[in-house]
file my_file_21.cif (mmCIF, C-alpha atoms)
data_work
#
loop_
_atom_site.label_atom_id
_atom_site.label_comp_id
_atom_site.auth_asym_id
_atom_site.auth_seq_id
_atom_site.Cartn_x
_atom_site.Cartn_y
_atom_site.Cartn_z
CA MET A 22 -129.89 224.83 74.90
CA HIS A 23 -126.76 226.71 73.89
CA GLY A 24 -123.81 227.19 76.22
CA ARG A 25 -121.41 224.45 77.28
CA ALA A 26 -122.45 221.98 79.98
CA SER A 27 -120.25 222.24 83.03
CA VAL A 28 -118.09 219.32 84.11
CA ASP A 29 -116.24 221.07 86.92
CA GLY A 30 -118.83 221.27 89.65
CA ASP A 31 -120.70 224.34 88.42
CA ARG A 32 -123.69 224.76 90.73
CA ARG A 33 -125.41 227.71 89.08
CA THR A 34 -129.17 227.89 88.98
CA SER A 35 -131.27 229.12 86.10
CA GLY A 36 -131.14 232.70 87.35
CA ASP A 37 -134.87 233.19 87.78
CA ALA A 38 -136.36 233.73 91.21
CA GLY A 39 -137.58 230.53 92.82
CA ARG A 40 -136.61 227.81 95.23
CA PRO A 41 -133.59 225.86 93.94
CA ILE A 42 -133.96 222.20 93.08
CA THR A 43 -131.24 219.79 92.00
CA ILE A 44 -132.44 217.06 89.67
CA GLY A 45 -130.36 213.95 89.02
CA LEU A 46 -130.53 212.61 85.46
CA LEU A 47 -129.35 209.02 85.74
CA TRP A 48 -128.27 207.04 82.67
CA HIS A 49 -128.43 210.12 80.49
CA SER A 50 -125.45 211.27 78.45
CA ILE A 51 -124.14 214.47 76.88
CA ASN A 52 -121.37 212.76 74.90
CA SER A 53 -122.65 209.46 73.60
CA GLY A 54 -121.74 208.72 70.01
CA ASN A 55 -125.30 207.46 69.63
CA LEU A 56 -127.38 210.60 69.13
CA GLY A 57 -130.44 208.69 70.35
CA VAL A 58 -129.06 208.67 73.89
CA GLY A 59 -128.29 212.36 73.59
CA ALA A 60 -131.81 213.02 72.28
CA LEU A 61 -133.24 211.41 75.41
CA THR A 62 -131.01 213.58 77.58
CA VAL A 63 -131.78 216.89 75.90
CA ALA A 64 -135.51 216.16 75.67
CA ASN A 65 -135.88 214.90 79.24
CA LEU A 66 -133.87 217.80 80.63
CA THR A 67 -136.02 220.21 78.60
CA ILE A 68 -139.22 218.67 79.94
CA ALA A 69 -137.94 218.66 83.52
CA ARG A 70 -136.78 222.26 83.26
CA GLU A 71 -140.12 223.42 81.85
CA VAL A 72 -142.02 221.63 84.62
CA ALA A 73 -139.75 222.95 87.36
CA GLU A 74 -139.74 226.55 86.16
CA GLY A 75 -143.50 226.38 85.61
CA SER A 76 -143.77 225.41 89.28
CA GLY A 77 -141.73 228.40 90.42
CA LEU A 78 -138.52 226.45 90.94
CA ALA A 79 -134.97 227.12 89.74
CA PRO A 80 -133.58 223.81 88.49
CA ARG A 81 -130.06 222.62 87.99
CA PHE A 82 -129.06 219.17 86.86
CA VAL A 83 -126.51 216.49 87.68
CA ILE A 84 -126.14 214.20 84.66
CA MET A 85 -124.89 210.70 85.45
CA GLY A 86 -124.12 208.41 82.51
CA ALA A 87 -121.60 206.18 80.83
CA ARG A 88 -118.17 207.69 80.30
CA ASP A 89 -117.21 208.32 76.66
CA ASP A 90 -114.41 210.87 76.61
CA GLN A 91 -113.79 210.38 72.88
CA GLN A 92 -117.05 212.02 71.83
CA PRO A 93 -117.79 215.79 71.91
CA SER A 94 -120.19 217.03 74.54
CA ILE A 95 -123.66 218.43 73.95
CA SER A 96 -124.03 221.97 75.27
CA LEU A 97 -126.50 222.15 78.17
CA PRO A 98 -126.89 224.98 80.70
CA ASN A 99 -127.08 224.71 84.48
CA SER A 100 -125.73 221.19 84.59
CA ARG A 101 -122.70 219.23 85.63
CA VAL A 102 -121.63 215.74 84.64
CA VAL A 103 -120.58 212.78 86.76
CA PRO A 104 -119.35 209.93 84.53
CA ILE A 105 -120.22 206.37 85.52
CA ASP A 106 -117.59 203.63 85.59
CA TRP A 107 -116.58 200.97 88.10
CA ARG A 108 -114.56 203.44 90.15
CA SER A 109 -117.42 205.94 90.45
CA LEU A 110 -119.77 203.16 91.62
CA ARG A 111 -117.54 202.03 94.47
CA PRO A 112 -118.69 202.73 98.05
CA GLY A 113 -118.09 206.41 98.70
CA GLY A 114 -117.38 207.05 95.01
CA SER A 115 -118.50 209.99 92.91
CA ILE A 116 -121.97 208.57 92.14
CA TRP A 117 -122.66 207.98 95.84
CA ARG A 118 -121.60 211.55 96.55
CA ALA A 119 -123.70 212.90 93.67
CA MET A 120 -126.77 211.12 95.02
CA ARG A 121 -126.36 213.03 98.27
CA GLU A 122 -126.41 216.30 96.35
CA VAL A 123 -129.59 215.78 94.31
CA ASP A 124 -133.17 216.17 95.48
CA CYS A 125 -134.63 213.49 93.21
CA VAL A 126 -133.52 211.17 90.41
CA LEU A 127 -134.93 210.68 86.92
CA ASP A 128 -133.51 207.44 85.53
CA ILE A 129 -133.99 206.85 81.78
CA GLY A 130 -131.92 203.68 81.59
CA ALA A 131 -130.15 204.86 78.40
CA GLY A 132 -133.46 204.24 76.67
CA ASP A 133 -133.46 200.46 76.51
CA SER A 134 -130.79 199.16 78.90
CA PHE A 135 -133.12 198.16 81.76
CA ALA A 136 -133.16 194.60 80.45
CA ASP A 137 -131.06 191.43 80.51
CA ILE A 138 -130.13 191.42 76.80
CA TYR A 139 -126.93 193.46 77.26
CA GLY A 140 -125.31 191.12 79.74
CA PRO A 141 -124.31 191.21 83.43
CA ARG A 142 -121.84 194.09 83.31
CA ARG A 143 -124.27 196.72 82.03
CA PHE A 144 -127.07 195.37 84.20
CA SER A 145 -124.85 195.57 87.28
CA PHE A 146 -124.00 199.18 86.51
CA LEU A 147 -127.68 200.07 86.18
CA MET A 148 -128.70 198.24 89.35
CA ILE A 149 -125.93 199.61 91.55
CA SER A 150 -126.68 203.20 90.55
CA LYS A 151 -130.43 202.76 91.12
CA LEU A 152 -129.86 201.19 94.52
CA MET A 153 -127.56 204.07 95.48
CA ALA A 154 -130.35 206.56 94.76
CA LEU A 155 -132.76 204.53 96.88
CA ALA A 156 -130.21 204.05 99.67
CA ARG A 157 -129.78 207.83 99.80
CA GLY A 158 -133.55 208.15 100.24
CA LYS A 159 -134.03 210.06 96.98
CA PRO A 160 -137.33 209.78 95.09
CA LEU A 161 -136.55 207.65 92.03
CA ILE A 162 -138.65 207.98 88.88
CA LEU A 163 -138.00 205.66 85.96
CA SER A 164 -138.49 208.03 83.03
CA PRO A 165 -140.17 206.71 79.84
CA GLN A 166 -138.07 203.82 78.53
CA THR A 167 -138.17 200.29 77.20
CA ILE A 168 -138.46 197.79 80.05
CA GLY A 169 -137.24 194.30 79.36
CA PRO A 170 -136.96 191.79 78.02
CA PHE A 171 -136.20 189.94 81.24
CA THR A 172 -135.92 186.18 80.85
CA ARG A 173 -133.60 185.13 83.68
CA ARG A 174 -134.50 185.09 87.36
CA GLY A 175 -131.12 186.46 88.38
CA TYR A 176 -132.07 189.68 86.59
CA MET A 177 -135.82 189.72 87.21
CA ALA A 178 -135.77 189.71 91.02
CA PRO A 179 -133.53 192.78 91.56
CA ALA A 180 -135.24 194.65 88.71
CA ALA A 181 -138.61 194.03 90.34
CA VAL A 182 -137.31 195.34 93.68
CA VAL A 183 -136.21 198.60 92.06
CA MET A 184 -139.55 199.07 90.29
CA ARG A 185 -141.49 198.46 93.51
CA ARG A 186 -139.40 201.03 95.37
CA SER A 187 -139.54 203.66 92.62
CA ARG A 188 -142.00 206.52 92.95
CA ALA A 189 -143.27 205.77 89.43
CA VAL A 190 -142.25 203.61 86.49
CA PHE A 191 -142.98 204.98 83.00
CA ALA A 192 -142.92 202.62 80.03
CA ARG A 193 -142.64 204.04 76.53
CA ASP A 194 -144.70 201.27 74.93
CA GLU A 195 -147.49 198.90 75.94
CA LEU A 196 -145.37 195.74 75.91
CA SER A 197 -142.87 197.32 78.29
CA ARG A 198 -145.74 198.37 80.55
CA ASP A 199 -147.05 194.81 80.57
CA VAL A 200 -143.60 193.40 81.33
CA ALA A 201 -143.19 195.79 84.27
CA GLN A 202 -146.65 195.07 85.65
CA ASP A 203 -146.11 191.31 85.44
CA MET A 204 -142.73 191.51 87.16
CA ALA A 205 -143.74 193.99 89.87
CA PRO A 206 -147.54 194.01 90.28
CA SER A 207 -147.41 196.40 93.24
CA ALA A 208 -145.24 198.97 91.43
CA ASP A 209 -146.76 202.20 90.14
CA VAL A 210 -146.35 201.43 86.42
CA ARG A 211 -147.71 203.89 83.86
CA LEU A 212 -147.75 204.24 80.10
CA ALA A 213 -146.06 207.19 78.42
CA VAL A 214 -144.09 207.63 75.20
CA ASP A 215 -140.46 208.35 74.30
CA VAL A 216 -139.51 211.84 75.51
CA ALA A 217 -137.46 212.43 72.33
CA PHE A 218 -140.67 213.25 70.47
CA GLU A 219 -140.33 216.62 72.22
CA LEU A 220 -136.67 217.20 71.35
CA PRO A 221 -136.23 220.90 70.40
CA PHE A 222 -135.12 221.61 66.82
CA GLU A 223 -134.99 224.22 64.07
CA ASP A 224 -137.76 223.59 61.54
CA ARG A 225 -136.39 223.26 58.00
CA SER A 226 -139.55 222.01 56.32
CA HIS A 227 -139.10 224.79 53.75
CA ASP A 228 -136.37 222.62 52.17
CA ARG A 229 -138.91 219.96 51.18
CA GLY A 230 -140.88 219.68 47.95
CA GLY A 231 -138.19 220.66 45.47
CA ALA A 232 -137.71 219.39 41.93
CA ARG A 233 -135.82 216.42 43.35
CA LEU A 234 -137.11 214.57 46.40
CA ARG A 235 -134.70 214.71 49.31
CA VAL A 236 -134.69 211.08 50.47
CA GLY A 237 -132.67 210.38 53.59
CA VAL A 238 -131.20 206.97 54.31
CA ASN A 239 -129.88 206.35 57.82
CA PRO A 240 -127.79 203.19 57.42
CA SER A 241 -126.96 201.31 60.61
CA GLY A 242 -123.30 200.41 60.94
CA LEU A 243 -124.34 197.81 63.51
CA LEU A 244 -126.85 195.98 61.30
CA PHE A 245 -124.61 196.25 58.24
CA SER A 246 -121.63 194.71 60.01
CA GLU A 247 -123.86 191.97 61.46
CA ALA A 248 -124.99 191.07 57.94
CA GLU A 249 -121.47 191.11 56.53
CA ARG A 250 -120.23 188.81 59.29
CA GLY A 251 -123.25 186.54 58.88
CA THR A 252 -124.06 186.69 62.60
CA ASN A 253 -127.53 188.35 62.39
CA ARG A 254 -128.07 188.39 66.15
CA PHE A 255 -131.27 190.41 65.73
CA GLY A 256 -132.88 187.68 63.65
CA LEU A 257 -133.71 189.70 60.53
CA SER A 258 -135.38 187.71 57.77
CA TYR A 259 -133.31 189.50 55.13
CA ASP A 260 -129.68 190.49 54.59
CA TYR A 261 -129.50 194.10 55.80
CA ALA A 262 -126.33 194.90 53.86
CA ALA A 263 -127.81 193.56 50.63
CA PHE A 264 -131.06 195.43 51.27
CA THR A 265 -129.20 198.70 51.84
CA ARG A 266 -127.18 198.36 48.64
CA GLN A 267 -130.27 197.38 46.61
CA LEU A 268 -132.29 200.29 48.03
CA LEU A 269 -129.57 202.81 47.28
CA THR A 270 -129.18 201.39 43.77
CA ALA A 271 -132.91 201.84 43.12
CA LEU A 272 -132.88 205.40 44.47
CA HIS A 273 -129.61 206.25 42.71
CA GLU A 274 -131.16 205.39 39.35
CA ARG A 275 -134.03 207.85 39.78
CA ASP A 276 -133.61 211.34 38.38
CA ASP A 277 -136.27 212.72 40.73
CA VAL A 278 -134.44 211.66 43.93
CA GLU A 279 -131.51 213.16 45.82
CA ILE A 280 -130.10 210.66 48.33
CA HIS A 281 -128.91 211.94 51.70
CA LEU A 282 -126.82 209.50 53.75
CA VAL A 283 -127.62 210.44 57.35
CA PRO A 284 -125.47 209.06 60.20
CA HIS A 285 -127.04 208.93 63.66
CA ALA A 286 -124.65 206.80 65.74
CA SER A 287 -120.89 207.17 65.71
CA SER A 288 -118.18 205.26 67.52
CA ASN A 289 -114.49 205.99 67.77
CA ARG A 290 -113.98 202.66 69.51
CA ASP A 291 -116.19 200.16 67.69
CA ALA A 292 -115.99 200.21 63.90
CA THR A 293 -118.81 197.66 63.72
CA ASP A 294 -121.26 200.14 65.25
CA ASP A 295 -120.37 203.31 63.35
CA ASP A 296 -122.82 204.89 60.91
CA ASP A 297 -120.19 207.45 59.86
CA ALA A 298 -117.75 204.87 58.56
CA LEU A 299 -120.57 203.11 56.73
CA CYS A 300 -121.75 206.37 55.15
CA ASP A 301 -118.21 206.93 53.89
CA ARG A 302 -118.19 203.48 52.29
CA LEU A 303 -121.59 203.93 50.69
CA THR A 304 -120.70 207.35 49.32
CA LYS A 305 -117.89 205.75 47.31
CA MET A 306 -120.37 203.22 45.91
CA PHE A 307 -123.04 205.85 45.19
CA PRO A 308 -121.20 209.06 44.28
CA ARG A 309 -124.37 211.08 43.59
CA ALA A 310 -125.46 210.67 47.20
CA VAL A 311 -125.03 213.56 49.65
CA ARG A 312 -122.87 212.40 52.53
CA VAL A 313 -124.31 214.35 55.47
CA ALA A 314 -121.65 215.55 57.91
CA THR A 315 -121.56 214.18 61.44
CA PHE A 316 -123.97 216.12 63.64
CA ALA A 317 -122.80 218.06 66.67
CA SER A 318 -125.96 217.38 68.65
CA PRO A 319 -129.28 215.49 68.51
CA SER A 320 -131.13 218.73 67.83
CA ASP A 321 -128.85 219.44 64.86
CA ALA A 322 -129.69 216.00 63.50
CA LYS A 323 -133.41 216.53 63.94
CA SER A 324 -133.20 219.96 62.32
CA TYR A 325 -131.52 218.48 59.25
CA ILE A 326 -133.96 215.57 59.07
CA SER A 327 -136.88 218.01 59.20
CA GLY A 328 -135.87 219.22 55.72
CA LEU A 329 -136.18 215.79 54.07
CA ASP A 330 -139.11 214.49 52.03
CA LEU A 331 -138.70 210.92 53.33
CA LEU A 332 -136.39 209.10 55.73
CA ILE A 333 -135.57 205.40 55.82
CA ALA A 334 -133.86 204.78 59.15
CA ALA A 335 -132.55 201.89 61.21
CA ARG A 336 -131.76 204.01 64.29
CA MET A 337 -134.94 204.45 66.30
CA HIS A 338 -134.29 208.03 67.38
CA ALA A 339 -133.59 209.08 63.81
CA CYS A 340 -137.09 207.71 63.11
CA ILE A 341 -138.51 209.68 66.03
CA ALA A 342 -136.79 212.84 64.78
CA ALA A 343 -138.49 212.42 61.41
CA PHE A 344 -141.88 211.45 62.83
CA SER A 345 -142.00 214.38 65.25
CA SER A 346 -140.92 216.91 62.63
CA GLY A 347 -143.53 215.81 60.08
CA VAL A 348 -141.19 213.90 57.77
CA PRO A 349 -142.61 210.62 56.42
CA VAL A 350 -140.46 207.80 57.77
CA VAL A 351 -139.94 204.12 57.14
CA PRO A 352 -138.39 202.60 60.27
CA VAL A 353 -136.21 199.54 59.68
CA ALA A 354 -137.06 197.55 62.80
CA TYR A 355 -134.55 195.27 64.48
CA SER A 356 -136.33 194.77 67.82
CA ARG A 357 -139.76 194.94 69.40
CA LYS A 358 -139.14 198.48 70.58
CA PHE A 359 -139.95 199.80 67.09
CA SER A 360 -143.37 198.18 66.72
CA GLY A 361 -144.20 198.87 70.36
CA LEU A 362 -143.37 202.56 70.15
CA PHE A 363 -144.81 203.45 66.77
CA GLY A 364 -147.73 201.05 67.15
CA LEU A 365 -148.71 203.00 70.26
CA LEU A 366 -149.12 206.03 68.00
CA GLY A 367 -151.08 204.15 65.34
CA TYR A 368 -148.21 204.07 62.82
CA ASP A 369 -147.49 200.72 61.22
CA THR A 370 -145.45 201.58 58.13
CA MET A 371 -142.13 199.89 58.88
CA ILE A 372 -139.93 197.09 57.64
CA PRO A 373 -140.49 194.33 60.22
CA VAL A 374 -137.85 192.17 61.81
CA ALA A 375 -139.20 189.15 59.96
CA GLY A 376 -141.49 188.56 57.01
CA MET A 377 -139.70 190.25 54.10
CA ASP A 378 -136.75 189.47 51.87
CA GLU A 379 -134.48 192.14 50.36
CA ALA A 380 -136.56 192.70 47.23
CA GLN A 381 -139.79 192.99 49.23
CA ALA A 382 -138.22 195.45 51.64
CA VAL A 383 -136.97 197.66 48.79
CA ALA A 384 -140.40 197.56 47.12
CA PHE A 385 -141.98 198.50 50.44
CA VAL A 386 -139.80 201.60 50.70
CA LEU A 387 -140.46 202.68 47.13
CA LYS A 388 -144.19 202.36 47.71
CA ALA A 389 -143.86 204.45 50.88
CA LEU A 390 -142.14 207.13 48.81
CA GLU A 391 -145.26 207.38 46.69
CA ARG A 392 -147.49 207.36 49.80
CA ARG A 393 -145.58 210.01 51.71
CA LEU A 394 -148.55 212.40 52.04
CA ALA A 395 -150.60 209.65 53.67
CA LEU A 396 -147.70 208.81 55.96
CA ALA A 397 -147.37 212.46 56.99
CA ALA A 398 -151.07 212.53 57.85
CA ALA A 399 -150.67 209.39 59.98
CA GLU A 400 -147.76 211.02 61.78
CA LYS A 401 -149.80 214.14 62.49
CA ALA A 402 -152.49 211.98 64.08
CA GLY A 403 -149.84 210.15 66.09
CA MET A 404 -148.28 213.35 67.35
CA ALA A 405 -151.68 214.41 68.70
CA LYS A 406 -151.35 211.44 71.09
CA VAL A 407 -147.86 212.31 72.27
CA GLY A 408 -148.91 215.24 74.45
CA THR A 409 -151.58 213.14 76.13
CA LEU A 410 -149.19 210.25 76.74
CA LEU A 411 -146.61 212.57 78.34
CA ALA A 412 -149.11 214.56 80.42
CA ASP A 413 -149.07 212.07 83.32
CA TYR A 414 -145.27 212.06 83.30
CA ARG A 415 -145.17 215.86 83.48
CA GLU A 416 -147.66 215.88 86.36
CA THR A 417 -145.64 213.28 88.27
CA LEU A 418 -142.53 215.41 87.82
CA ARG A 419 -144.42 218.51 89.00
CA SER A 420 -145.73 216.88 92.18
CA THR A 421 -142.36 215.30 92.94
CA PHE A 422 -140.41 218.53 92.37
CA LEU A 423 -142.77 220.50 94.60
CA ALA A 424 -142.66 217.88 97.35
CA VAL A 425 -138.86 217.65 97.49
CA SER A 426 -138.38 221.42 97.23
CA MET A 427 -140.69 222.02 100.19
CA ALA A 428 -138.96 219.28 102.19
CA ALA A 429 -135.51 220.76 101.59
#
call {"tool": "encode", "arguments": {"input": "my_file_21.cif", "output": "structure tokens"}}
result
Amino acid sequence: MHGRASVDGDRRTSGDAGRPITIGLLWHSINSGNLGVGALTVANLTIAREVAEGSGLAPRFVIMGARDDQQPSISLPNSRVVPIDWRSLRPGGSIWRAMREVDCVLDIGAGDSFADIYGPRRFSFLMISKLMALARGKPLILSPQTIGPFTRRGYMAPAAVVMRRSRAVFARDELSRDVAQDMAPSADVRLAVDVAFELPFEDRSHDRGGARLRVGVNPSGLLFSEAERGTNRFGLSYDYAAFTRQLLTALHERDDVEIHLVPHASSNRDATDDDDALCDRLTKMFPRAVRVATFASPSDAKSYISGLDLLIAARMHACIAAFSSGVPVVPVAYSRKFSGLFGLLGYDTMIPVAGMDEAQAVAFVLKALERRLALAAAEKAGMAKVGTLLADYRETLRSTFLAVSMAA
């Protein structure tokens, strides 16, 4: 996964003998400030490449996702990028032209954007791009993602049309599967799991188990700013900012703990959704804490996290990075996607959206710190399910890749 991704029309193949195949990765991103979106991209591309090469094909990729020129790009080989904005989605625009070029389309919906909670603008972007793939006659697979919530008919009807016309719809949790099946009963809806569980990384587990426990805290700039403004649009039963300060105070007072402040989502445009800025603030309040530098890629973040003894995280893909690298984790849930995803794997140790106050949430984390060996065992059992849950997705990719390559 080293080597810079091309943005200038590079059409190289992987170099191995085999029929070429061009795979569109829709609503993926190589330069999102949120490393979770990047984790989905790297992991899904890795899975698709493994399946294609294992089928004797030489894949290259066209990555289509939201434009964010202020963030550095993840290095990916054999790929080119087509940014999505209003201009690119116009008739005859760059997305329409890219859809002509690809043989099939894997649409991951930026993880959780195939819903009505983000408003009409984002939903319109998602729908137009999906309909372009279908209008071009390209097999469309909805890669494992959160589906819904959908509560308004103006959103539900077009979303159902897309699901019915897709070759397969993969939900990354049971509630999303149920939502999709209820909305589009005739669609081919299947259960999988988040592809980021298979994100490549460098194992640093040898850093664990020292004289001082390396406890990572991934503070969410989004939740913190919500609490400070008093808006609380996610409906948390506790003040997230107060909880974070109380937790860090409790950890800071322990001689056997080394705090690592771990950012996982950065924004050069929105200071209210920037973990980096929040980590800077918290470092001034807790000077013994290690302020972890901004990561260059999702795999770098996962590699660092793999060396921790415990992670408390409000960004879901930071939680996945810990879980899949054997690091005990306490997810700080702010939506149903947390309980749906980790519940699917039999893991229920998380701070829920509702039901705790600040003191109870801090006590919950401190108890988890003492139970970290049991949590690691639960994660190991959960990871045994991941391969099974992704097997159907891999097989669908294999059959689709072979079919389109023979038809070319």
call {"tool": "resolve_selection", "arguments": {"input": "my_file_21.cif", "expression": "the PyMOL selection byres ((chain A and resi 411) around 12)", "output": "ChimeraX atom specification"}}
result
/A:64-65,68-69,72,164-165,191-194,211-219,404-410,412-418
call {"tool": "write_last_selection", "arguments": {"input": "my_file_21.cif", "atoms": "C-alpha atoms", "output": "PDB file, in the frame of the given file"}}
result
ATOM      1  CA  ALA A  64    -135.510 216.160  75.670  1.00  0.00           C
ATOM      2  CA  ASN A  65    -135.880 214.900  79.240  1.00  0.00           C
ATOM      3  CA  ILE A  68    -139.220 218.670  79.940  1.00  0.00           C
ATOM      4  CA  ALA A  69    -137.940 218.660  83.520  1.00  0.00           C
ATOM      5  CA  VAL A  72    -142.020 221.630  84.620  1.00  0.00           C
ATOM      6  CA  SER A 164    -138.490 208.030  83.030  1.00  0.00           C
ATOM      7  CA  PRO A 165    -140.170 206.710  79.840  1.00  0.00           C
ATOM      8  CA  PHE A 191    -142.980 204.980  83.000  1.00  0.00           C
ATOM      9  CA  ALA A 192    -142.920 202.620  80.030  1.00  0.00           C
ATOM     10  CA  ARG A 193    -142.640 204.040  76.530  1.00  0.00           C
ATOM     11  CA  ASP A 194    -144.700 201.270  74.930  1.00  0.00           C
ATOM     12  CA  ARG A 211    -147.710 203.890  83.860  1.00  0.00           C
ATOM     13  CA  LEU A 212    -147.750 204.240  80.100  1.00  0.00           C
ATOM     14  CA  ALA A 213    -146.060 207.190  78.420  1.00  0.00           C
ATOM     15  CA  VAL A 214    -144.090 207.630  75.200  1.00  0.00           C
ATOM     16  CA  ASP A 215    -140.460 208.350  74.300  1.00  0.00           C
ATOM     17  CA  VAL A 216    -139.510 211.840  75.510  1.00  0.00           C
ATOM     18  CA  ALA A 217    -137.460 212.430  72.330  1.00  0.00           C
ATOM     19  CA  PHE A 218    -140.670 213.250  70.470  1.00  0.00           C
ATOM     20  CA  GLU A 219    -140.330 216.620  72.220  1.00  0.00           C
ATOM     21  CA  MET A 404    -148.280 213.350  67.350  1.00  0.00           C
ATOM     22  CA  ALA A 405    -151.680 214.410  68.700  1.00  0.00           C
ATOM     23  CA  LYS A 406    -151.350 211.440  71.090  1.00  0.00           C
ATOM     24  CA  VAL A 407    -147.860 212.310  72.270  1.00  0.00           C
ATOM     25  CA  GLY A 408    -148.910 215.240  74.450  1.00  0.00           C
ATOM     26  CA  THR A 409    -151.580 213.140  76.130  1.00  0.00           C
ATOM     27  CA  LEU A 410    -149.190 210.250  76.740  1.00  0.00           C
ATOM     28  CA  ALA A 412    -149.110 214.560  80.420  1.00  0.00           C
ATOM     29  CA  ASP A 413    -149.070 212.070  83.320  1.00  0.00           C
ATOM     30  CA  TYR A 414    -145.270 212.060  83.300  1.00  0.00           C
ATOM     31  CA  ARG A 415    -145.170 215.860  83.480  1.00  0.00           C
ATOM     32  CA  GLU A 416    -147.660 215.880  86.360  1.00  0.00           C
ATOM     33  CA  THR A 417    -145.640 213.280  88.270  1.00  0.00           C
ATOM     34  CA  LEU A 418    -142.530 215.410  87.820  1.00  0.00           C
TER      35      LEU A 418
END
call {"tool": "resolve_selection", "arguments": {"input": "my_file_21.cif", "expression": "the PyMOL selection byres ((chain A and resi 183) around 12)", "output": "PDB file with C-alpha atoms, in the frame of the given file"}}
result
ATOM      1  CA  ASP A 128    -133.510 207.440  85.530  1.00  0.00           C
ATOM      2  CA  PHE A 135    -133.120 198.160  81.760  1.00  0.00           C
ATOM      3  CA  LEU A 147    -127.680 200.070  86.180  1.00  0.00           C
ATOM      4  CA  MET A 148    -128.700 198.240  89.350  1.00  0.00           C
ATOM      5  CA  ILE A 149    -125.930 199.610  91.550  1.00  0.00           C
ATOM      6  CA  SER A 150    -126.680 203.200  90.550  1.00  0.00           C
ATOM      7  CA  LYS A 151    -130.430 202.760  91.120  1.00  0.00           C
ATOM      8  CA  LEU A 152    -129.860 201.190  94.520  1.00  0.00           C
ATOM      9  CA  MET A 153    -127.560 204.070  95.480  1.00  0.00           C
ATOM     10  CA  ALA A 154    -130.350 206.560  94.760  1.00  0.00           C
ATOM     11  CA  LEU A 155    -132.760 204.530  96.880  1.00  0.00           C
ATOM     12  CA  ALA A 156    -130.210 204.050  99.670  1.00  0.00           C
ATOM     13  CA  PRO A 160    -137.330 209.780  95.090  1.00  0.00           C
ATOM     14  CA  LEU A 161    -136.550 207.650  92.030  1.00  0.00           C
ATOM     15  CA  ILE A 162    -138.650 207.980  88.880  1.00  0.00           C
ATOM     16  CA  LEU A 163    -138.000 205.660  85.960  1.00  0.00           C
ATOM     17  CA  TYR A 176    -132.070 189.680  86.590  1.00  0.00           C
ATOM     18  CA  MET A 177    -135.820 189.720  87.210  1.00  0.00           C
ATOM     19  CA  ALA A 178    -135.770 189.710  91.020  1.00  0.00           C
ATOM     20  CA  PRO A 179    -133.530 192.780  91.560  1.00  0.00           C
ATOM     21  CA  ALA A 180    -135.240 194.650  88.710  1.00  0.00           C
ATOM     22  CA  ALA A 181    -138.610 194.030  90.340  1.00  0.00           C
ATOM     23  CA  VAL A 182    -137.310 195.340  93.680  1.00  0.00           C
ATOM     24  CA  MET A 184    -139.550 199.070  90.290  1.00  0.00           C
ATOM     25  CA  ARG A 185    -141.490 198.460  93.510  1.00  0.00           C
ATOM     26  CA  ARG A 186    -139.400 201.030  95.370  1.00  0.00           C
ATOM     27  CA  SER A 187    -139.540 203.660  92.620  1.00  0.00           C
ATOM     28  CA  ARG A 188    -142.000 206.520  92.950  1.00  0.00           C
ATOM     29  CA  ALA A 189    -143.270 205.770  89.430  1.00  0.00           C
ATOM     30  CA  VAL A 190    -142.250 203.610  86.490  1.00  0.00           C
ATOM     31  CA  ALA A 201    -143.190 195.790  84.270  1.00  0.00           C
ATOM     32  CA  MET A 204    -142.730 191.510  87.160  1.00  0.00           C
ATOM     33  CA  ALA A 205    -143.740 193.990  89.870  1.00  0.00           C
ATOM     34  CA  SER A 207    -147.410 196.400  93.240  1.00  0.00           C
ATOM     35  CA  ALA A 208    -145.240 198.970  91.430  1.00  0.00           C
ATOM     36  CA  ASP A 209    -146.760 202.200  90.140  1.00  0.00           C
ATOM     37  CA  VAL A 210    -146.350 201.430  86.420  1.00  0.00           C
TER      38      VAL A 210
END
call {"tool": "atom_distance", "arguments": {"input": "my_file_21.cif", "atom1": "CA of Ser356 in chain A", "atom2": "CA of Ser145 in chain A"}}
result
22.6 Å
call {"tool": "resolve_selection", "arguments": {"input": "my_file_21.cif", "expression": "the PyMOL selection byres ((chain A and resi 225) around 10)", "output": "NGL selection string"}}
result
:A and (222-224 or 226-229 or 323-329 or 346)
call {"tool": "atom_distance", "arguments": {"input": "my_file_21.cif", "atom1": "CA of Asp260 in chain A", "atom2": "CA of Ala343 in chain A"}}
result
24.6 Å
call {"tool": "closest_residue", "arguments": {"input": "my_file_21.cif", "among": "A:Leu47, A:His273, A:Ser426, A:Ala397", "to": "Ala79 in chain A", "atoms": "only C-alpha atoms"}}
result
A:Ser426
call {"tool": "residues_around", "arguments": {"input": "my_file_21.cif", "residues": "Phe255 in chain A", "least_positions_apart": "4", "cutoff": "9 Å", "atoms": "all atoms listed in the file", "output": "short mmCIF file (atom, residue, chain, number, x, y, z; two decimals) with C-alpha atoms, in the coordinates of the input"}}
result
data_model
loop_
_atom_site.label_atom_id
_atom_site.label_comp_id
_atom_site.auth_asym_id
_atom_site.auth_seq_id
_atom_site.Cartn_x
_atom_site.Cartn_y
_atom_site.Cartn_z
CA LEU A 244 -126.85 195.98 61.30
CA GLU A 247 -123.86 191.97 61.46
CA TYR A 355 -134.55 195.27 64.48
CA SER A 356 -136.33 194.77 67.82
CA VAL A 374 -137.85 192.17 61.81
#
call {"tool": "atom_distance", "arguments": {"input": "my_file_21.cif", "atom1": "CA of Ala310 in chain A", "atom2": "CA of Ile341 in chain A"}}
result
22.9 Å
call {"tool": "closest_residue", "arguments": {"input": "my_file_21.cif", "among": "A:Glu391, A:Asp330, A:Asp291, A:Asp133", "to": "Gly57 in chain A", "atoms": "all atoms listed in the file"}}
result
A:Asp133
